[in-house]
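So the structure is just underneath, and the comments pick up after that.
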Amino acid sequence: MPRFTSRLLLRAVLLVGVAYFLIPVWWLITASTKSSSELFSSAPLWFGENFSLFANIAAVLTRQDGLFLRWMLNSVIYAGGGAVGATLLSAAAGYVFAKFEFRGRNALFGAILASILLPASLLVMPLYLLFSSLGMINTMWAVIIPSLVSPFGVFLSRITAQESVPDELLDAARIDGAGEIRIFNTIGLPIMVPALLTVFLFSFVGVWNNFFLPMVTLNDAKLWPAMLGLYFWGNQPSELNYQFVITGSLLSIIPLAIAFIGLQRYWRVDLTAGAVKL
C-alpha cells in the first residue's frame, strides 16, 4: 500500500473514532439548549431556536429545593475521597511489591491481578451484606470504603515503581539514615506522580459514574450521587423530566472535564533523568 494511501486511511479511521466519541457530547450540549417542547421536534444535532440553556440550568438547580446541587456535592465527596484514598493505597502497595521481597509476594500480586477480572457489580451484594452487618448501610462510608481499593492502581504502581524508581537512589537514602517511610514519601511518591495521576483519574471517573453500589446501599435521596439521582428523575417519564436529565447530565460531566484538563499539565516523563550516573 502506498505511503500516502496508508496515511489517508489512518486519518480516516482517526476521524471516525473522534466522531464516535464527540457526537454524543455534541448532542448533549445542543439538547441542553432546547426547551422540553423542542427536544423531540427540532434538529437533533443543532441548538434550540430559543436557546434555553440557562433557563434549563436554573430549573435543574432549583428543582426539589436544589437537590441536584446536593447530589453533585455527594459525587465530589465520593469520587474525590475515593480517588485520593485509592491512589495513596495503590502507590504504597505497588511500591512494596516492587521494592521489597517477602514470602507470598507473587501469589498475593497474582490474586490482585485476578481481581481485576471480576465485574464490580458482582461484589455489590457481598458488600451490601457486609456493610449491613456493620450498620453502615445508608451512610457515605458504604460508597467511599469500596472505592479505596483499586487492583488496577496497584498493578500500575508496581510497574511504575519497578521501572522508574532506581534502587541506587533508595540505597543512597538508606546510607544517609533515612527510614523506609521517609524514602517512600520523598523519593518514591514524587517519581511515581505521572502514573499516580492516571490512577487518580481512573478512580475518580469510576467512582463518579458508579451507579449500582449507591443504588443498593443508599436509601436517603440526600445521600445519592448525581448519576443515581438523574436515573430516578429519568424514571418519571415526561418531556420536562427528560430535559432535567439531559441538562443535569451536561452539568455532571463538567467536573470530569475540569479534572482531566487541570491535571494534564502535571504529566511528566523521565523525572529521574540525570539522577543516577550510569
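Naming works like this for the C-alpha cells: A, B, ... for the chains as they're shown, residue 1 at the start of each chain, ligands 1 onward in shown order.
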
Would you mind listing, for every residue of range 221-257 of chain A within 9 Å of range 58-62 of chain A, the two atoms forming the shortest contact and the distance between them in Å to one decimal, using only C-alpha atoms, sorted by chain and ascending residue number, as a Markdown table?
| residue | atom | partner | partner_atom | distance |
| --- | --- | --- | --- | --- |
| A:Gln243 | CA | A:Val60 | CA | 8.9 |
| A:Phe244 | CA | A:Val60 | CA | 5.8 |
| A:Val245 | CA | A:Val60 | CA | 8.5 |
| A:Thr247 | CA | A:Val60 | CA | 7.2 |
| A:Gly248 | CA | A:Val60 | CA | 6.5 |

Give me, as CSV, the closest atom pair and its distance (Å, one decimal) for every residue of range 156-253 of chain A within a cut-off of 10 Å of range 118-126 of chain A, counting only C-alpha atoms, rows sorted by chain and rising number.
residue,atom,partner,partner_atom,distance
A:Asn210,CA,A:Ala120,CA,9.5
A:Phe211,CA,A:Ser121,CA,9.5
A:Phe212,CA,A:Ser121,CA,6.8
A:Leu213,CA,A:Val124,CA,5.7
A:Pro214,CA,A:Val124,CA,9.3
A:Met215,CA,A:Val124,CA,9.9
A:Val216,CA,A:Val124,CA,7.7
A:Thr217,CA,A:Val124,CA,8.8

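Our summary of the geometry notes that CA of Ser157 in chain A is positioned 20.9 Å from CA of Ile144 in chain A.
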
Inset, instruction - Tell me which of A:Ala221, A:Leu228, A:Val84, A:Met140 sits closest to Thr198 in chain A, counting only C-alpha atoms. - result: A:Val84

Inset, instruction - Find the residue from A:Pro151, A:Pro237, A:Gly262, A:Pro24 that sits nearest to Gly110 in chain A; use only C-alpha atoms when measuring. - result: A:Pro151

Inset, instruction - Tell me, as number ranges by chain, which residues lie within 12 Å of Gly80 in chain A, counting only C-alpha atoms; anything in the same chain fewer than 6 positions away does not count. - result: A: 72-74, 86-87, 143-144, 147-148, 200-208, 255-256, 259

For the residues in the current selection, export N, CA and C atoms as a compact mmCIF listing (two decimals), in the first residue's frame.
# COMPACT_ATOMS: atom_id res chain seq x y z
N MET A 72 -24.54 16.65 43.43
CA MET A 72 -23.22 16.95 42.87
C MET A 72 -22.16 17.02 43.98
N LEU A 73 -22.51 17.61 45.10
CA LEU A 73 -21.58 17.65 46.24
C LEU A 73 -21.27 16.24 46.72
N ASN A 74 -22.29 15.39 46.80
CA ASN A 74 -22.06 14.00 47.19
C ASN A 74 -21.11 13.30 46.22
N ALA A 86 -7.65 5.72 47.08
CA ALA A 86 -7.22 4.63 46.20
C ALA A 86 -5.84 4.89 45.63
N THR A 87 -5.55 6.14 45.31
CA THR A 87 -4.23 6.48 44.75
C THR A 87 -3.13 6.26 45.77
N VAL A 143 -20.17 3.82 50.28
CA VAL A 143 -19.71 4.10 48.91
C VAL A 143 -18.22 4.39 48.90
N ILE A 144 -17.72 5.12 49.91
CA ILE A 144 -16.32 5.55 49.91
C ILE A 144 -15.37 4.39 50.16
N SER A 147 -14.44 2.18 47.34
CA SER A 147 -13.74 2.94 46.32
C SER A 147 -12.25 3.07 46.61
N LEU A 148 -11.84 2.74 47.83
CA LEU A 148 -10.43 2.86 48.20
C LEU A 148 -9.58 1.73 47.63
N PHE A 200 -5.40 8.13 39.80
CA PHE A 200 -6.38 9.05 40.37
C PHE A 200 -7.53 9.30 39.41
N LEU A 201 -7.20 9.59 38.16
CA LEU A 201 -8.25 9.90 37.17
C LEU A 201 -9.13 8.70 36.89
N PHE A 202 -8.53 7.52 36.75
CA PHE A 202 -9.33 6.32 36.53
C PHE A 202 -10.25 6.08 37.72
N SER A 203 -9.73 6.23 38.93
CA SER A 203 -10.54 6.02 40.12
C SER A 203 -11.63 7.08 40.23
N PHE A 204 -11.28 8.34 39.95
CA PHE A 204 -12.25 9.43 40.04
C PHE A 204 -13.41 9.20 39.09
N VAL A 205 -13.09 8.88 37.84
CA VAL A 205 -14.15 8.65 36.85
C VAL A 205 -14.98 7.43 37.22
N GLY A 206 -14.31 6.36 37.68
CA GLY A 206 -15.04 5.15 38.05
C GLY A 206 -16.02 5.38 39.18
N VAL A 207 -15.59 6.11 40.22
CA VAL A 207 -16.47 6.37 41.36
C VAL A 207 -17.55 7.37 40.97
N TRP A 208 -17.20 8.36 40.16
CA TRP A 208 -18.18 9.36 39.73
C TRP A 208 -19.33 8.70 38.97
N PRO A 255 -17.27 18.53 36.06
CA PRO A 255 -16.15 18.21 36.97
C PRO A 255 -15.16 17.23 36.36
N LEU A 256 -15.63 16.27 35.57
CA LEU A 256 -14.72 15.32 34.93
C LEU A 256 -13.82 16.04 33.93
N ALA A 259 -11.23 18.00 35.82
CA ALA A 259 -10.19 17.13 36.38
C ALA A 259 -9.18 16.73 35.31

Inset, instruction - Can you work out the spacing between CA of Lys99 in chain A and CA of Ala161 in chain A in Å, to one decimal? - result: 7.6 Å

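Minimum atom-to-atom distances from A:Trp27, A:Phe21, A:Gly81, A:Pro166 to Ser249 in chain A were compared using only C-alpha atoms, and the lowest value belongs to A:Trp27.
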
Helix (DSSP H, G or I) per DSSP on the backbone: members of range 106-268 of chain A, as a compact mmCIF listing (two decimals) with N, CA and C atoms, in the first residue's frame:
# COMPACT_ATOMS: atom_id res chain seq x y z
N ASN A 106 4.50 -12.97 45.12
CA ASN A 106 3.98 -13.25 43.78
C ASN A 106 2.55 -13.79 43.82
N ALA A 107 2.28 -14.66 44.79
CA ALA A 107 0.92 -15.21 44.89
C ALA A 107 -0.08 -14.12 45.24
N LEU A 108 0.30 -13.23 46.15
CA LEU A 108 -0.61 -12.14 46.54
C LEU A 108 -0.83 -11.18 45.38
N PHE A 109 0.24 -10.88 44.64
CA PHE A 109 0.09 -9.98 43.50
C PHE A 109 -0.74 -10.64 42.40
N GLY A 110 -0.58 -11.96 42.24
CA GLY A 110 -1.41 -12.68 41.28
C GLY A 110 -2.89 -12.62 41.64
N ALA A 111 -3.18 -12.70 42.93
CA ALA A 111 -4.58 -12.59 43.37
C ALA A 111 -5.13 -11.20 43.07
N ILE A 112 -4.30 -10.17 43.24
CA ILE A 112 -4.74 -8.80 42.93
C ILE A 112 -5.02 -8.67 41.44
N LEU A 113 -4.14 -9.24 40.60
CA LEU A 113 -4.37 -9.19 39.16
C LEU A 113 -5.65 -9.93 38.78
N ALA A 114 -5.89 -11.07 39.42
CA ALA A 114 -7.11 -11.83 39.13
C ALA A 114 -8.36 -11.05 39.49
N SER A 115 -8.27 -10.24 40.55
CA SER A 115 -9.45 -9.47 40.97
C SER A 115 -9.82 -8.41 39.95
N ILE A 116 -8.89 -8.02 39.07
CA ILE A 116 -9.22 -7.05 38.03
C ILE A 116 -10.27 -7.62 37.10
N ALA A 120 -17.35 -5.34 38.78
CA ALA A 120 -17.64 -4.62 40.02
C ALA A 120 -19.03 -4.94 40.54
N SER A 121 -19.99 -5.16 39.64
CA SER A 121 -21.36 -5.45 40.07
C SER A 121 -21.46 -6.78 40.81
N LEU A 122 -20.50 -7.69 40.57
CA LEU A 122 -20.52 -8.98 41.25
C LEU A 122 -20.26 -8.84 42.74
N LEU A 123 -19.61 -7.77 43.14
CA LEU A 123 -19.24 -7.58 44.55
C LEU A 123 -20.25 -6.75 45.31
N VAL A 124 -21.27 -6.24 44.64
CA VAL A 124 -22.19 -5.32 45.30
C VAL A 124 -22.97 -6.01 46.41
N MET A 125 -23.52 -7.19 46.13
CA MET A 125 -24.32 -7.86 47.17
C MET A 125 -23.48 -8.30 48.36
N PRO A 126 -22.28 -8.89 48.16
CA PRO A 126 -21.43 -9.17 49.34
C PRO A 126 -21.11 -7.91 50.14
N LEU A 127 -20.85 -6.81 49.45
CA LEU A 127 -20.57 -5.55 50.15
C LEU A 127 -21.81 -5.07 50.91
N TYR A 128 -22.97 -5.26 50.31
CA TYR A 128 -24.20 -4.85 51.00
C TYR A 128 -24.38 -5.65 52.29
N LEU A 129 -24.18 -6.95 52.22
CA LEU A 129 -24.32 -7.79 53.41
C LEU A 129 -23.29 -7.42 54.47
N LEU A 130 -22.06 -7.13 54.02
CA LEU A 130 -21.01 -6.75 54.96
C LEU A 130 -21.34 -5.44 55.65
N PHE A 131 -21.70 -4.42 54.89
CA PHE A 131 -22.00 -3.12 55.48
C PHE A 131 -23.28 -3.17 56.30
N SER A 132 -24.20 -4.04 55.92
CA SER A 132 -25.41 -4.20 56.71
C SER A 132 -25.09 -4.74 58.10
N SER A 133 -24.18 -5.71 58.16
CA SER A 133 -23.80 -6.27 59.46
C SER A 133 -23.03 -5.27 60.31
N TRP A 141 -20.00 6.11 53.97
CA TRP A 141 -18.90 5.14 54.04
C TRP A 141 -19.19 3.90 53.19
N ALA A 142 -20.45 3.58 52.98
CA ALA A 142 -20.78 2.41 52.17
C ALA A 142 -20.36 2.58 50.72
N VAL A 143 -20.17 3.82 50.28
CA VAL A 143 -19.71 4.10 48.91
C VAL A 143 -18.22 4.39 48.90
N ILE A 144 -17.72 5.12 49.91
CA ILE A 144 -16.32 5.55 49.91
C ILE A 144 -15.37 4.39 50.16
N ILE A 145 -15.67 3.54 51.16
CA ILE A 145 -14.72 2.47 51.53
C ILE A 145 -14.44 1.52 50.37
N PRO A 146 -15.44 1.00 49.64
CA PRO A 146 -15.10 0.14 48.50
C PRO A 146 -14.31 0.85 47.41
N SER A 147 -14.44 2.18 47.34
CA SER A 147 -13.74 2.94 46.32
C SER A 147 -12.25 3.07 46.61
N PRO A 151 -7.39 -2.52 42.27
CA PRO A 151 -6.41 -3.51 41.80
C PRO A 151 -5.60 -3.00 40.61
N PHE A 152 -6.25 -2.32 39.68
CA PHE A 152 -5.51 -1.76 38.55
C PHE A 152 -4.48 -0.75 39.02
N GLY A 153 -4.84 0.07 40.01
CA GLY A 153 -3.91 1.04 40.55
C GLY A 153 -2.69 0.38 41.17
N VAL A 154 -2.89 -0.72 41.88
CA VAL A 154 -1.76 -1.45 42.47
C VAL A 154 -0.85 -2.00 41.37
N PHE A 155 -1.46 -2.56 40.32
CA PHE A 155 -0.70 -3.09 39.21
C PHE A 155 0.14 -2.00 38.55
N LEU A 156 -0.49 -0.87 38.22
CA LEU A 156 0.23 0.21 37.55
C LEU A 156 1.30 0.81 38.45
N SER A 157 1.02 0.92 39.73
CA SER A 157 2.01 1.47 40.67
C SER A 157 3.21 0.56 40.80
N ARG A 158 2.97 -0.75 40.81
CA ARG A 158 4.11 -1.67 40.90
C ARG A 158 5.00 -1.57 39.67
N ILE A 159 4.38 -1.57 38.50
CA ILE A 159 5.16 -1.47 37.27
C ILE A 159 5.95 -0.17 37.24
N THR A 160 5.32 0.92 37.66
CA THR A 160 6.00 2.22 37.65
C THR A 160 7.15 2.26 38.64
N ALA A 161 6.91 1.77 39.87
CA ALA A 161 7.98 1.77 40.87
C ALA A 161 9.13 0.86 40.44
N GLN A 162 8.81 -0.24 39.82
CA GLN A 162 9.84 -1.19 39.40
C GLN A 162 10.71 -0.62 38.28
N GLU A 163 10.09 0.14 37.37
CA GLU A 163 10.81 0.64 36.21
C GLU A 163 11.38 2.04 36.40
N SER A 164 10.76 2.85 37.25
CA SER A 164 11.13 4.27 37.32
C SER A 164 11.87 4.67 38.58
N ASP A 167 16.94 1.67 42.27
CA ASP A 167 17.38 1.11 43.55
C ASP A 167 18.57 1.88 44.11
N GLU A 168 19.38 2.47 43.22
CA GLU A 168 20.56 3.22 43.68
C GLU A 168 20.15 4.42 44.53
N LEU A 169 19.06 5.09 44.13
CA LEU A 169 18.58 6.22 44.93
C LEU A 169 18.10 5.76 46.30
N LEU A 170 17.42 4.65 46.33
CA LEU A 170 16.92 4.14 47.60
C LEU A 170 18.07 3.71 48.51
N ASP A 171 19.07 3.06 47.93
CA ASP A 171 20.23 2.63 48.72
C ASP A 171 20.99 3.84 49.25
N ALA A 172 21.10 4.89 48.43
CA ALA A 172 21.79 6.10 48.89
C ALA A 172 21.04 6.74 50.05
N ALA A 173 19.72 6.74 49.97
CA ALA A 173 18.92 7.32 51.06
C ALA A 173 19.06 6.50 52.33
N ARG A 174 19.12 5.19 52.19
CA ARG A 174 19.29 4.33 53.37
C ARG A 174 20.66 4.55 54.01
N ILE A 175 21.68 4.74 53.18
CA ILE A 175 23.02 5.01 53.71
C ILE A 175 23.04 6.31 54.50
N GLU A 180 12.33 3.88 55.86
CA GLU A 180 11.62 3.43 54.66
C GLU A 180 10.42 4.32 54.34
N ILE A 181 9.70 4.76 55.35
CA ILE A 181 8.54 5.62 55.12
C ILE A 181 8.98 6.96 54.54
N ARG A 182 10.06 7.51 55.09
CA ARG A 182 10.58 8.78 54.57
C ARG A 182 11.07 8.62 53.13
N ILE A 183 11.73 7.51 52.85
CA ILE A 183 12.21 7.25 51.49
C ILE A 183 11.03 7.18 50.52
N PHE A 184 9.98 6.50 50.93
CA PHE A 184 8.80 6.39 50.07
C PHE A 184 8.17 7.76 49.83
N ASN A 185 8.06 8.56 50.89
CA ASN A 185 7.40 9.87 50.76
C ASN A 185 8.23 10.86 49.95
N THR A 186 9.54 10.84 50.11
CA THR A 186 10.39 11.86 49.49
C THR A 186 11.00 11.44 48.15
N ILE A 187 11.09 10.14 47.91
CA ILE A 187 11.69 9.66 46.66
C ILE A 187 10.68 8.91 45.80
N GLY A 188 10.04 7.90 46.39
CA GLY A 188 9.13 7.06 45.62
C GLY A 188 7.93 7.81 45.07
N LEU A 189 7.22 8.50 45.94
CA LEU A 189 6.00 9.19 45.51
C LEU A 189 6.24 10.24 44.42
N PRO A 190 7.23 11.15 44.60
CA PRO A 190 7.43 12.16 43.54
C PRO A 190 7.76 11.54 42.18
N ILE A 191 8.54 10.48 42.15
CA ILE A 191 8.89 9.85 40.89
C ILE A 191 7.69 9.17 40.26
N VAL A 193 4.60 10.11 40.35
CA VAL A 193 3.47 11.03 40.17
C VAL A 193 2.73 10.84 38.85
N PRO A 194 3.41 10.74 37.69
CA PRO A 194 2.64 10.59 36.44
C PRO A 194 1.71 9.38 36.45
N ALA A 195 2.21 8.24 36.92
CA ALA A 195 1.36 7.05 36.98
C ALA A 195 0.26 7.22 38.02
N LEU A 196 0.56 7.87 39.13
CA LEU A 196 -0.44 8.05 40.18
C LEU A 196 -1.56 8.99 39.72
N LEU A 197 -1.24 9.95 38.87
CA LEU A 197 -2.29 10.79 38.30
C LEU A 197 -3.23 9.97 37.43
N THR A 198 -2.67 9.01 36.72
CA THR A 198 -3.51 8.12 35.93
C THR A 198 -4.42 7.30 36.83
N VAL A 199 -3.86 6.77 37.91
CA VAL A 199 -4.66 6.01 38.87
C VAL A 199 -5.76 6.88 39.45
N PHE A 200 -5.40 8.13 39.80
CA PHE A 200 -6.38 9.05 40.37
C PHE A 200 -7.53 9.30 39.41
N LEU A 201 -7.20 9.59 38.16
CA LEU A 201 -8.25 9.90 37.17
C LEU A 201 -9.13 8.70 36.89
N PHE A 202 -8.53 7.52 36.75
CA PHE A 202 -9.33 6.32 36.53
C PHE A 202 -10.25 6.08 37.72
N SER A 203 -9.73 6.23 38.93
CA SER A 203 -10.54 6.02 40.12
C SER A 203 -11.63 7.08 40.23
N PHE A 204 -11.28 8.34 39.95
CA PHE A 204 -12.25 9.43 40.04
C PHE A 204 -13.41 9.20 39.09
N VAL A 205 -13.09 8.88 37.84
CA VAL A 205 -14.15 8.65 36.85
C VAL A 205 -14.98 7.43 37.22
N GLY A 206 -14.31 6.36 37.68
CA GLY A 206 -15.04 5.15 38.05
C GLY A 206 -16.02 5.38 39.18
N VAL A 207 -15.59 6.11 40.22
CA VAL A 207 -16.47 6.37 41.36
C VAL A 207 -17.55 7.37 40.97
N TRP A 208 -17.20 8.36 40.16
CA TRP A 208 -18.18 9.36 39.73
C TRP A 208 -19.33 8.70 38.97
N PHE A 212 -24.54 1.21 40.58
CA PHE A 212 -25.19 0.07 41.21
C PHE A 212 -24.98 0.04 42.72
N LEU A 213 -23.73 0.28 43.15
CA LEU A 213 -23.44 0.24 44.59
C LEU A 213 -24.21 1.30 45.36
N PRO A 214 -24.22 2.58 44.93
CA PRO A 214 -25.05 3.56 45.66
C PRO A 214 -26.54 3.21 45.64
N MET A 215 -27.02 2.66 44.53
CA MET A 215 -28.44 2.32 44.45
C MET A 215 -28.82 1.26 45.48
N VAL A 216 -27.91 0.33 45.74
CA VAL A 216 -28.19 -0.76 46.68
C VAL A 216 -27.99 -0.32 48.13
N THR A 217 -26.98 0.51 48.38
CA THR A 217 -26.60 0.82 49.77
C THR A 217 -27.18 2.12 50.30
N ALA A 221 -32.40 9.96 49.64
CA ALA A 221 -32.13 10.69 48.39
C ALA A 221 -31.08 11.77 48.58
N LYS A 222 -30.94 12.30 49.79
CA LYS A 222 -29.96 13.34 50.04
C LYS A 222 -28.53 12.81 50.02
N LEU A 223 -28.36 11.49 50.06
CA LEU A 223 -27.03 10.88 50.00
C LEU A 223 -26.67 10.38 48.61
N ALA A 226 -24.86 12.12 41.83
CA ALA A 226 -25.60 12.73 40.72
C ALA A 226 -26.12 11.68 39.74
N MET A 227 -25.32 10.65 39.46
CA MET A 227 -25.74 9.65 38.48
C MET A 227 -27.01 8.93 38.94
N LEU A 228 -27.07 8.59 40.21
CA LEU A 228 -28.25 7.88 40.73
C LEU A 228 -29.46 8.80 40.75
N GLY A 229 -29.25 10.05 41.14
CA GLY A 229 -30.36 10.99 41.16
C GLY A 229 -30.93 11.24 39.77
N LEU A 230 -30.08 11.38 38.77
CA LEU A 230 -30.55 11.58 37.40
C LEU A 230 -31.31 10.36 36.90
N TYR A 231 -30.89 9.19 37.33
CA TYR A 231 -31.60 7.96 36.93
C TYR A 231 -33.03 7.98 37.45
N PHE A 232 -33.21 8.38 38.69
CA PHE A 232 -34.56 8.40 39.24
C PHE A 232 -35.39 9.52 38.63
N TRP A 233 -34.78 10.62 38.28
CA TRP A 233 -35.52 11.64 37.54
C TRP A 233 -35.97 11.10 36.19
N GLY A 234 -35.09 10.37 35.53
CA GLY A 234 -35.43 9.81 34.23
C GLY A 234 -36.50 8.75 34.30
N GLU A 239 -41.70 14.90 29.09
CA GLU A 239 -40.74 15.71 28.34
C GLU A 239 -39.95 16.62 29.26
N LEU A 240 -40.60 17.14 30.30
CA LEU A 240 -39.91 18.04 31.22
C LEU A 240 -38.82 17.30 31.99
N ASN A 241 -39.13 16.07 32.46
CA ASN A 241 -38.13 15.30 33.19
C ASN A 241 -36.96 14.90 32.29
N TYR A 242 -37.26 14.60 31.03
CA TYR A 242 -36.18 14.29 30.10
C TYR A 242 -35.22 15.48 29.98
N GLN A 243 -35.78 16.67 29.95
CA GLN A 243 -34.93 17.85 29.83
C GLN A 243 -34.10 18.05 31.09
N PHE A 244 -34.69 17.76 32.26
CA PHE A 244 -33.94 17.82 33.50
C PHE A 244 -32.75 16.85 33.47
N VAL A 245 -33.00 15.64 32.99
CA VAL A 245 -31.94 14.63 32.95
C VAL A 245 -30.84 15.04 31.98
N ILE A 246 -31.22 15.55 30.82
CA ILE A 246 -30.22 15.94 29.81
C ILE A 246 -29.36 17.10 30.33
N THR A 247 -29.99 18.13 30.85
CA THR A 247 -29.23 19.27 31.35
C THR A 247 -28.40 18.88 32.57
N GLY A 248 -28.97 18.05 33.45
CA GLY A 248 -28.21 17.57 34.60
C GLY A 248 -27.01 16.73 34.18
N SER A 249 -27.17 15.94 33.13
CA SER A 249 -26.05 15.14 32.62
C SER A 249 -24.93 16.04 32.10
N LEU A 250 -25.32 17.12 31.42
CA LEU A 250 -24.31 18.06 30.94
C LEU A 250 -23.55 18.68 32.12
N LEU A 251 -24.26 19.07 33.15
CA LEU A 251 -23.59 19.65 34.32
C LEU A 251 -22.71 18.63 35.03
N SER A 252 -23.12 17.36 34.99
CA SER A 252 -22.38 16.34 35.73
C SER A 252 -21.05 15.97 35.09
N ILE A 253 -20.89 16.27 33.79
CA ILE A 253 -19.60 15.95 33.15
C ILE A 253 -18.60 17.09 33.27
N ILE A 254 -19.04 18.24 33.74
CA ILE A 254 -18.13 19.38 33.87
C ILE A 254 -17.00 19.08 34.86
N PRO A 255 -17.27 18.53 36.06
CA PRO A 255 -16.15 18.21 36.97
C PRO A 255 -15.16 17.23 36.36
N LEU A 256 -15.63 16.27 35.57
CA LEU A 256 -14.72 15.32 34.93
C LEU A 256 -13.82 16.04 33.93
N ALA A 257 -14.40 16.94 33.15
CA ALA A 257 -13.61 17.69 32.18
C ALA A 257 -12.58 18.57 32.90
N ILE A 258 -12.99 19.19 34.00
CA ILE A 258 -12.06 20.03 34.77
C ILE A 258 -10.92 19.20 35.32
N ALA A 259 -11.23 18.00 35.82
CA ALA A 259 -10.19 17.13 36.38
C ALA A 259 -9.18 16.73 35.31
N PHE A 260 -9.65 16.35 34.14
CA PHE A 260 -8.74 15.93 33.08
C PHE A 260 -7.90 17.11 32.58
N ILE A 261 -8.54 18.25 32.31
CA ILE A 261 -7.81 19.39 31.78
C ILE A 261 -6.86 19.97 32.83
N GLY A 262 -7.31 20.03 34.08
CA GLY A 262 -6.48 20.61 35.13
C GLY A 262 -5.26 19.79 35.47
N LEU A 263 -5.37 18.46 35.37
CA LEU A 263 -4.24 17.60 35.75
C LEU A 263 -3.33 17.27 34.58
N GLN A 264 -3.72 17.67 33.38
CA GLN A 264 -2.93 17.33 32.20
C GLN A 264 -1.51 17.87 32.28
